[in-house]
$ cat upload.cif   # mmCIF, C-alpha atoms
data_run
#
loop_
_atom_site.label_atom_id
_atom_site.label_comp_id
_atom_site.auth_asym_id
_atom_site.auth_seq_id
_atom_site.Cartn_x
_atom_site.Cartn_y
_atom_site.Cartn_z
CA ASN A 538 -28.35 -56.36 0.87
CA ASP A 539 -25.31 -58.58 1.12
CA PRO A 540 -25.80 -61.57 -1.23
CA ILE A 541 -23.58 -63.73 0.99
CA LEU A 542 -25.81 -63.13 4.01
CA GLU A 543 -28.96 -63.73 1.96
CA GLU A 544 -27.60 -67.07 0.71
CA GLY A 545 -26.42 -68.23 4.11
CA ILE A 546 -22.89 -68.48 5.44
CA ILE A 547 -20.57 -70.92 7.12
CA GLN A 548 -18.38 -69.37 9.81
CA ASP A 549 -14.99 -70.80 10.75
CA THR A 550 -12.15 -69.78 13.03
CA LEU A 551 -8.51 -70.67 12.46
CA TRP A 552 -5.42 -70.08 14.58
CA LEU A 553 -1.83 -69.54 13.49
CA ILE A 554 0.84 -70.08 16.14
CA LEU A 555 3.86 -67.98 15.13
CA GLN A 556 7.38 -68.17 16.50
CA LYS A 557 9.90 -65.42 15.82
CA ILE A 558 13.12 -66.57 14.18
CA ASP A 559 16.18 -65.06 15.88
CA GLU A 560 16.31 -61.26 15.55
CA SER A 561 14.90 -61.15 12.03
CA SER A 562 11.45 -59.91 11.09
CA ILE A 563 10.47 -63.40 9.97
CA HIS A 564 8.07 -65.58 11.95
CA ARG A 565 7.89 -69.35 11.55
CA VAL A 566 4.42 -70.93 11.65
CA GLU A 567 4.68 -73.55 14.37
CA SER A 568 1.19 -74.91 13.77
CA VAL A 569 -2.20 -74.25 12.21
CA SER A 570 -5.22 -75.22 14.27
CA MET A 571 -9.00 -74.88 14.48
CA VAL A 572 -8.69 -75.08 18.29
CA GLN A 573 -7.70 -72.00 20.26
CA PRO A 574 -4.15 -72.53 21.60
CA LYS A 575 -2.96 -71.70 25.08
CA GLN A 576 -1.30 -68.35 25.60
CA SER A 577 2.49 -68.46 25.57
CA THR A 578 5.22 -65.90 26.10
CA ASP A 579 7.28 -67.59 23.38
CA ALA A 580 4.67 -67.61 20.62
CA LEU A 581 2.21 -65.28 18.95
CA ASN A 582 -1.31 -66.66 18.50
CA VAL A 583 -3.10 -65.12 15.51
CA LYS A 584 -6.87 -65.57 15.20
CA ILE A 585 -8.38 -65.74 11.73
CA GLN A 586 -12.12 -65.56 11.04
CA TYR A 587 -13.89 -66.77 7.90
CA GLN A 588 -17.34 -66.36 6.42
CA LYS A 589 -18.01 -68.53 3.37
CA PRO A 590 -21.10 -68.85 1.15
CA ALA A 591 -22.92 -72.00 2.21
CA THR A 592 -23.30 -73.34 -1.34
CA ALA A 593 -19.77 -72.48 -2.54
CA PHE A 594 -17.05 -75.09 -2.95
CA GLN A 595 -15.54 -76.18 0.37
CA HIS A 596 -12.38 -78.20 0.90
CA PRO A 597 -13.62 -81.80 1.37
CA ASN A 598 -11.11 -82.71 4.10
CA ALA A 599 -10.41 -80.26 6.93
CA GLY A 600 -7.32 -82.14 8.10
CA VAL A 601 -5.76 -82.03 4.65
CA MET A 602 -6.63 -78.33 4.38
CA LEU A 603 -4.73 -77.56 7.60
CA THR A 604 -1.76 -79.73 6.58
CA SER A 605 -1.60 -78.08 3.15
CA LEU A 606 -1.81 -74.59 4.62
CA HIS A 607 0.98 -75.34 7.08
CA TRP A 608 3.18 -76.64 4.23
CA ILE A 609 2.52 -73.51 2.15
CA LEU A 610 3.36 -71.20 5.06
CA ASN A 611 6.55 -73.11 5.89
CA THR A 612 7.59 -72.96 2.24
CA LEU A 613 7.06 -69.20 2.17
CA THR A 614 9.03 -68.85 5.41
CA LYS A 615 12.04 -70.48 3.75
CA VAL A 616 11.64 -68.28 0.68
CA ALA A 617 11.38 -65.14 2.84
CA GLN A 618 14.48 -66.08 4.85
CA GLN A 619 16.50 -66.61 1.70
CA HIS A 620 15.20 -63.34 0.21
CA ILE A 621 16.19 -61.30 3.28
CA SER A 622 19.67 -62.85 3.32
CA THR A 623 20.26 -61.69 -0.26
CA THR A 624 18.51 -58.30 -0.10
CA ILE A 625 20.55 -55.12 -0.02
CA PRO A 626 20.45 -53.57 3.48
CA ASN A 627 18.11 -50.58 3.85
CA ALA A 628 16.24 -51.54 0.68
CA ALA A 629 12.76 -50.05 0.29
CA SER A 630 11.20 -53.43 1.08
CA THR A 631 12.73 -56.68 2.24
CA LYS A 632 9.43 -58.53 1.93
CA LEU A 633 7.97 -60.27 -1.09
CA ARG A 634 4.90 -59.53 -3.23
CA LEU A 635 2.58 -62.41 -4.07
CA LEU A 636 0.00 -62.93 -6.80
CA GLU A 637 -2.63 -65.53 -5.92
CA MET A 638 -4.92 -66.98 -8.59
CA TYR A 639 -8.09 -69.00 -7.94
CA ASN A 640 -8.15 -67.68 -4.37
CA GLY A 641 -11.78 -68.56 -3.57
CA ALA A 642 -13.07 -67.07 -0.33
CA GLY A 643 -9.54 -66.53 0.99
CA ALA A 644 -8.70 -69.83 2.71
CA HIS A 645 -5.04 -69.29 1.83
CA THR A 646 -5.15 -65.54 1.31
CA ILE A 647 -5.94 -64.51 4.88
CA PRO A 648 -3.41 -66.78 6.65
CA LEU A 649 -0.73 -65.65 4.19
CA ALA A 650 -1.52 -62.03 5.02
CA LYS A 651 -1.52 -62.62 8.78
CA SER A 652 1.73 -64.62 8.70
CA MET A 653 3.69 -61.35 8.27
CA LEU A 654 5.86 -62.92 5.56
CA LEU A 655 4.77 -60.75 2.62
CA SER A 656 4.56 -57.07 1.76
CA GLU A 657 1.41 -57.34 -0.36
CA ILE A 658 -0.99 -59.90 -1.85
CA VAL A 659 -3.05 -59.47 -5.01
CA ALA A 660 -5.78 -62.11 -5.29
CA VAL A 661 -7.68 -62.96 -8.48
CA GLU A 662 -10.94 -64.96 -8.50
CA LEU A 663 -13.64 -65.41 -11.16
CA ASP A 664 -16.68 -66.32 -9.01
CA GLU A 665 -18.26 -63.04 -7.87
CA ARG A 666 -19.65 -64.63 -4.69
CA LEU A 667 -16.17 -65.74 -3.69
CA VAL A 668 -14.67 -62.36 -4.61
CA ASN A 669 -17.15 -60.67 -2.27
CA ALA A 670 -16.54 -63.31 0.41
CA CYS A 671 -12.76 -62.86 0.18
CA ARG A 672 -13.05 -59.08 0.47
CA ASN A 673 -15.39 -59.53 3.45
CA ASN A 674 -12.91 -61.92 5.09
CA CYS A 675 -10.12 -59.40 4.55
CA ARG A 676 -12.29 -56.82 6.33
CA LEU A 677 -13.00 -59.22 9.19
CA ASN A 678 -9.26 -59.76 9.61
CA ASN A 679 -8.27 -56.11 9.04
CA CYS A 680 -6.07 -56.68 5.99
CA LEU A 681 -8.08 -55.28 3.05
CA LYS A 682 -6.08 -52.71 1.12
CA GLY A 683 -7.61 -49.24 1.44
CA GLU A 684 -9.64 -50.12 4.54
CA ALA A 685 -7.27 -51.74 7.04
CA SER A 686 -6.49 -49.65 10.11
CA ASP A 687 -2.86 -50.83 10.16
CA GLN A 688 -1.26 -49.93 6.84
CA ASP A 689 2.11 -51.39 7.89
CA GLN A 690 0.89 -54.99 7.78
CA THR A 691 0.43 -57.22 4.74
CA LEU A 692 -2.47 -55.82 2.73
CA VAL A 693 -4.66 -57.73 0.29
CA GLU A 694 -6.22 -56.42 -2.91
CA VAL A 695 -8.92 -58.67 -4.41
CA PHE A 696 -9.92 -58.57 -8.09
CA LYS A 697 -12.73 -60.28 -9.97
CA GLY A 698 -11.40 -61.79 -13.18
CA HIS A 699 -10.46 -64.86 -15.17
CA ALA A 700 -6.93 -66.09 -14.52
CA ALA A 701 -6.28 -66.48 -18.25
CA GLU A 702 -7.42 -62.91 -18.96
CA TRP A 703 -5.23 -61.55 -16.16
CA ALA A 704 -2.31 -63.53 -17.55
CA ALA A 705 -2.96 -62.23 -21.07
CA LYS A 706 -2.95 -58.65 -19.76
CA THR A 707 0.31 -59.32 -17.95
CA LEU A 708 1.86 -60.69 -21.13
CA ARG A 709 0.75 -57.62 -23.08
CA CYS A 710 2.45 -55.41 -20.47
CA ILE A 711 5.64 -57.48 -20.73
CA HIS A 712 5.64 -57.19 -24.51
CA LYS A 713 5.02 -53.44 -24.26
CA LYS A 714 7.88 -53.07 -21.80
CA ASN A 715 10.19 -55.02 -24.08
CA ARG A 716 9.29 -52.80 -27.03
CA LEU A 717 9.86 -49.63 -25.03
CA SER A 718 13.08 -50.74 -23.36
CA THR A 719 15.21 -50.08 -26.43
CA ASP A 720 14.31 -46.39 -26.77
CA THR A 721 12.82 -45.30 -23.40
CA SER A 722 14.66 -44.05 -20.32
CA PRO A 723 14.33 -45.97 -17.01
CA ASN A 724 12.37 -43.09 -15.42
CA GLU A 725 9.87 -43.07 -18.26
CA MET A 726 9.58 -46.84 -18.06
CA SER A 727 8.69 -46.67 -14.36
CA ASN A 728 5.97 -44.09 -14.98
CA ASN A 729 4.18 -45.51 -18.00
CA GLY A 730 2.26 -48.27 -16.19
CA THR A 731 3.90 -51.22 -17.96
CA ASN A 732 4.82 -52.85 -14.64
CA ASP A 733 1.39 -52.78 -12.99
CA TYR A 734 0.67 -56.43 -13.75
CA ASN A 735 4.21 -57.75 -13.65
CA LYS A 736 5.89 -56.88 -10.38
CA PHE A 737 5.45 -59.99 -8.25
CA ASP A 738 8.01 -62.30 -6.68
CA ILE A 739 5.78 -65.30 -5.99
CA LEU A 740 2.88 -66.88 -7.88
CA LEU A 741 0.44 -69.08 -5.94
CA VAL A 742 -2.10 -71.07 -7.95
CA ASP A 743 -4.86 -73.41 -6.76
CA PRO A 744 -6.73 -74.23 -9.98
CA PRO A 745 -9.64 -76.61 -10.49
CA ARG A 746 -9.01 -80.19 -11.59
CA GLN A 747 -8.56 -79.01 -15.20
CA GLY A 748 -5.33 -77.26 -14.21
CA LEU A 749 -3.87 -74.03 -15.55
CA ASP A 750 -4.70 -72.26 -18.76
CA LYS A 751 -1.69 -72.26 -21.08
CA THR A 752 -1.62 -68.45 -20.88
CA VAL A 753 -1.10 -68.63 -17.10
CA CYS A 754 1.88 -70.94 -17.60
CA GLU A 755 3.29 -68.50 -20.16
CA MET A 756 2.83 -65.61 -17.71
CA ALA A 757 4.67 -67.56 -15.00
CA ILE A 758 7.58 -68.23 -17.36
CA LYS A 759 7.86 -64.73 -18.84
CA GLY A 760 6.98 -62.78 -15.68
CA THR A 761 9.14 -61.63 -12.78
CA PHE A 762 8.20 -64.56 -10.53
CA THR A 763 11.15 -66.27 -8.90
CA GLN A 764 9.01 -68.74 -6.94
CA LEU A 765 5.82 -70.64 -7.81
CA ILE A 766 3.59 -72.67 -5.51
CA TYR A 767 1.15 -74.99 -7.29
CA ILE A 768 -1.71 -76.68 -5.38
CA SER A 769 -3.24 -79.45 -7.46
CA CYS A 770 -6.10 -81.91 -7.19
CA GLY A 771 -5.80 -82.99 -10.85
CA ARG A 772 -2.75 -85.16 -11.45
CA ARG A 773 -3.00 -85.38 -15.24
CA ALA A 774 -3.35 -81.61 -15.59
CA LEU A 775 -0.46 -81.09 -13.16
CA ILE A 776 1.85 -83.29 -15.25
CA ARG A 777 0.84 -81.37 -18.38
CA ASP A 778 1.46 -77.99 -16.74
CA LEU A 779 4.80 -79.04 -15.25
CA LYS A 780 6.08 -79.97 -18.71
CA LEU A 781 5.64 -76.29 -19.62
CA LEU A 782 6.74 -74.72 -16.34
CA CYS A 783 9.89 -76.81 -15.93
CA SER A 784 11.41 -75.20 -18.99
CA ASP A 785 12.23 -72.26 -16.70
CA PHE A 786 11.60 -73.61 -13.18
CA ASP A 787 13.04 -76.44 -11.11
CA ILE A 788 11.02 -78.40 -8.58
CA GLU A 789 12.39 -77.34 -5.19
CA ASP A 790 10.05 -79.34 -2.95
CA LEU A 791 6.76 -81.22 -3.04
CA ALA A 792 4.23 -82.99 -0.86
CA VAL A 793 1.50 -85.47 -1.74
CA ILE A 794 -1.35 -85.68 0.76
CA ASP A 795 -3.98 -88.44 0.86
CA LEU A 796 -7.38 -86.79 0.53
CA PHE A 797 -9.46 -89.92 1.22
CA PRO A 798 -7.78 -93.15 2.38
CA GLY A 799 -8.70 -96.09 0.18
CA THR A 800 -9.15 -93.93 -2.92
CA ASP A 801 -6.79 -92.47 -5.52
CA ALA A 802 -7.70 -88.88 -4.54
CA VAL A 803 -4.65 -86.88 -3.49
CA GLU A 804 -3.69 -83.22 -3.14
CA THR A 805 -0.26 -82.35 -4.54
CA LEU A 806 1.71 -79.31 -3.39
CA ILE A 807 4.72 -78.24 -5.44
CA HIS A 808 7.24 -75.48 -4.86
CA LEU A 809 9.05 -74.43 -8.05
CA LYS A 810 12.01 -72.09 -8.19
CA ARG A 811 13.22 -70.26 -11.28
CA LYS A 812 16.33 -71.79 -12.80
CA MET A 813 19.51 -69.85 -12.10
CA LEU A 814 20.68 -67.66 -14.95
CA LYS A 815 23.82 -69.02 -16.55
#
$ encode --input "upload.cif" --output "C-alpha cells"
Amino acid sequence: NDPILEEGIIQDTLWLILQKIDESSIHRVESVSMVQPKQSTDALNVKIQYQKPATAFQHPNAGVMLTSLHWILNTLTKVAQQHISTTIPNAASTKLRLLEMYNGAGAHTIPLAKSMLLSEIVAVELDERLVNACRNNCRLNNCLKGEASDQDQTLVEVFKGHAAEWAAKTLRCIHKKNRLSTDTSPNEMSNNGTNDYNKFDILLVDPPRQGLDKTVCEMAIKGTFTQLIYISCGRRALIRDLKLLCSDFDIEDLAVIDLFPGTDAVETLIHLKRKMLK
C-alpha cells in the first residue's frame, strides 16, 4: 500500500506559461498560475500536477510560493542564456545540471524539470514521505529518470538522504580526485567514479529556518557549481551562511518577499555566482 494514499493527500495543479526566446532552445516563463490559462499560438501552456502528504509541511502563503517560483525560473533562464552563449558549438550538452537539496515533495523540482531549461536534476530530501511524494509527482508529470516515456526531456532522480551527508560524500570524492590527479591519466579519472557526486553546474537549496550545514557550504565552495540559488526563511542563518559562501561567490541578484504583512516574516531569494578566476 502507498503510505501517501493511506495518510491522505492534497492535490494541486499549477500552470507554466512559456514563451520561446528567439530561435534558441530556451523558453522564458511568462507567468506561473494556479488558474488554467487560455490557449495561445504564441505561448506554451504546461500543466503540472502535485500530490502532497496532508500532514507534511506546506508553504504558508500560496501567493508568495508562486512569486518565488517565478523568480527562480527567471533566474535560471538568464543563467541558461548566458551558458548557451559561452558554450562551444556542437558540445555534447548545452544545458545545465542542477543539484537540489531539501526538495520536499517537488514544489520547485517539477516546474524546473518542465521549464526545459536543464539537462538533468538530482534532488535530495531526508523525509521519506516527501521522497516518495516527489518521486510520485515526477511520475505524474512524466519526468522521473528511468520511467519517463520521453528521455529527451529534463529527467529527475530523487534520493533519500541528509544534505550534510551528501555534501560530505561529495567532498570525499573531490579530495580523492585531487589525490589522483597528479598520477592518473584523464581517461582513468573519468572512469573511476570520482565525479559521480561532483558534476553539477547549479546548486539550489531551500533549507529549514536553521539554514545550511557547514558541510553543505563547503561543498558549494569546493564543488563545480558556478551558480547557487538560496531560498531562505531564516534571516540569521542566511547571514551566517553568506559569510562563508561569499568567500567564493558574489551576490548576483536577490528578492525579499513579505510572507505575512504586519509581521517580520519574509522569504529571501538569493542568486550567487562564482567569483571570476583571476
$ residues_around --input "upload.cif" --residues "His808 of chain A" --least-positions-apart "5" --cutoff "7 Å" --atoms "only C-alpha atoms" --output "PDB file with C-alpha atoms, in the frame of the given file"
ATOM      1  CA  LEU A 765       5.820 -70.640  -7.810  1.00  0.00           C
ATOM      2  CA  ILE A 766       3.590 -72.670  -5.510  1.00  0.00           C
ATOM      3  CA  TYR A 767       1.150 -74.990  -7.290  1.00  0.00           C
ATOM      4  CA  ILE A 788      11.020 -78.400  -8.580  1.00  0.00           C
ATOM      5  CA  GLU A 789      12.390 -77.340  -5.190  1.00  0.00           C
ATOM      6  CA  ASP A 790      10.050 -79.340  -2.950  1.00  0.00           C
ATOM      7  CA  LEU A 791       6.760 -81.220  -3.040  1.00  0.00           C
TER       8      LEU A 791
END
$ residues_around --input "upload.cif" --residues "Asp750 of chain A" --least-positions-apart "3" --cutoff "12 Å" --atoms "all atoms listed in the file" --output "PDB file with C-alpha atoms, keeping the file's coordinate frame"
ATOM      1  CA  MET A 638      -4.920 -66.980  -8.590  1.00  0.00           C
ATOM      2  CA  TYR A 639      -8.090 -69.000  -7.940  1.00  0.00           C
ATOM      3  CA  HIS A 699     -10.460 -64.860 -15.170  1.00  0.00           C
ATOM      4  CA  ALA A 700      -6.930 -66.090 -14.520  1.00  0.00           C
ATOM      5  CA  ALA A 701      -6.280 -66.480 -18.250  1.00  0.00           C
ATOM      6  CA  GLU A 702      -7.420 -62.910 -18.960  1.00  0.00           C
ATOM      7  CA  TRP A 703      -5.230 -61.550 -16.160  1.00  0.00           C
ATOM      8  CA  ALA A 704      -2.310 -63.530 -17.550  1.00  0.00           C
ATOM      9  CA  ALA A 705      -2.960 -62.230 -21.070  1.00  0.00           C
ATOM     10  CA  VAL A 742      -2.100 -71.070  -7.950  1.00  0.00           C
ATOM     11  CA  PRO A 744      -6.730 -74.230  -9.980  1.00  0.00           C
ATOM     12  CA  PRO A 745      -9.640 -76.610 -10.490  1.00  0.00           C
ATOM     13  CA  ARG A 746      -9.010 -80.190 -11.590  1.00  0.00           C
ATOM     14  CA  GLN A 747      -8.560 -79.010 -15.200  1.00  0.00           C
ATOM     15  CA  VAL A 753      -1.100 -68.630 -17.100  1.00  0.00           C
ATOM     16  CA  CYS A 754       1.880 -70.940 -17.600  1.00  0.00           C
ATOM     17  CA  GLU A 755       3.290 -68.500 -20.160  1.00  0.00           C
ATOM     18  CA  MET A 756       2.830 -65.610 -17.710  1.00  0.00           C
ATOM     19  CA  ALA A 757       4.670 -67.560 -15.000  1.00  0.00           C
ATOM     20  CA  ALA A 774      -3.350 -81.610 -15.590  1.00  0.00           C
ATOM     21  CA  LEU A 775      -0.460 -81.090 -13.160  1.00  0.00           C
ATOM     22  CA  ARG A 777       0.840 -81.370 -18.380  1.00  0.00           C
ATOM     23  CA  ASP A 778       1.460 -77.990 -16.740  1.00  0.00           C
ATOM     24  CA  LEU A 781       5.640 -76.290 -19.620  1.00  0.00           C
ATOM     25  CA  LEU A 782       6.740 -74.720 -16.340  1.00  0.00           C
TER      26      LEU A 782
END
$ residues_around --input "upload.cif" --residues "segment 553-557 of chain A" --least-positions-apart "5" --cutoff "10 Å" --atoms "only C-alpha atoms" --output "ChimeraX atom specification"
/A:562-571,573-577,579-585,607,648,651-653
$ closest_residue --input "upload.cif" --among "A:Thr707, A:Asn640, A:Asn673, A:Thr691" --to "Thr761 of chain A" --atoms "only C-alpha atoms"
A:Thr707
$ atom_distance --input "upload.cif" --atom1 "atom CA of Leu741 of chain A" --atom2 "atom CA of Pro590 of chain A"
22.7 Å
$ residues_around --input "upload.cif" --residues "segment 675-688 of chain A" --least-positions-apart "4" --cutoff "7 Å" --atoms "only C-alpha atoms" --output "count of residues only"
7
$ residues_near_point --input "upload.cif" --point "(7.3, -62.6, -5.3)" --cutoff "8 Å" --atoms "only C-alpha atoms" --output "JSON, numbers by chain"
{"A": [633, 634, 635, 636, 736, 737, 738, 739, 740, 761, 762, 763, 764]}
$ resolve_selection --input "upload.cif" --expression "the PyMOL selection byres ((chain A and resi 643) around 10)" --output "list in words"
Tyr587, Gln588, Lys589, Glu637, Tyr639, Asn640, Gly641, Ala642, Ala644, His645, Thr646, Ile647, Pro648, Leu649, Ala660, Glu662, Leu667, Val668, Ala670, Cys671, Arg672, Asn673, Asn674, Cys675 and Val695 of chain A
$ atom_distance --input "upload.cif" --atom1 "atom CA of Ala617 of chain A" --atom2 "atom CA of Arg811 of chain A"
15.1 Å
$ atom_distance --input "upload.cif" --atom1 "atom CA of Val616 of chain A" --atom2 "atom CA of Met602 of chain A"
21.2 Å
$ closest_residue --input "upload.cif" --among "A:Ile546, A:Val803, A:Ile758, A:Met813" --to "Arg772 of chain A" --atoms "all atoms listed in the file"
A:Val803
$ closest_residue --input "upload.cif" --among "A:Gln690, A:Thr592, A:Gly748, A:Leu809" --to "Glu657 of chain A" --atoms "all atoms listed in the file"
A:Gln690
$ resolve_selection --input "upload.cif" --expression "the PyMOL selection byres ((chain A and resi 598) around 12)" --output "ChimeraX atom specification"
/A:594-597,599-605,794-798,802-804
$ closest_residue --input "upload.cif" --among "A:Lys759, A:Ala593, A:Leu606, A:Gln618" --to "Asn715 of chain A" --atoms "only C-alpha atoms"
A:Lys759
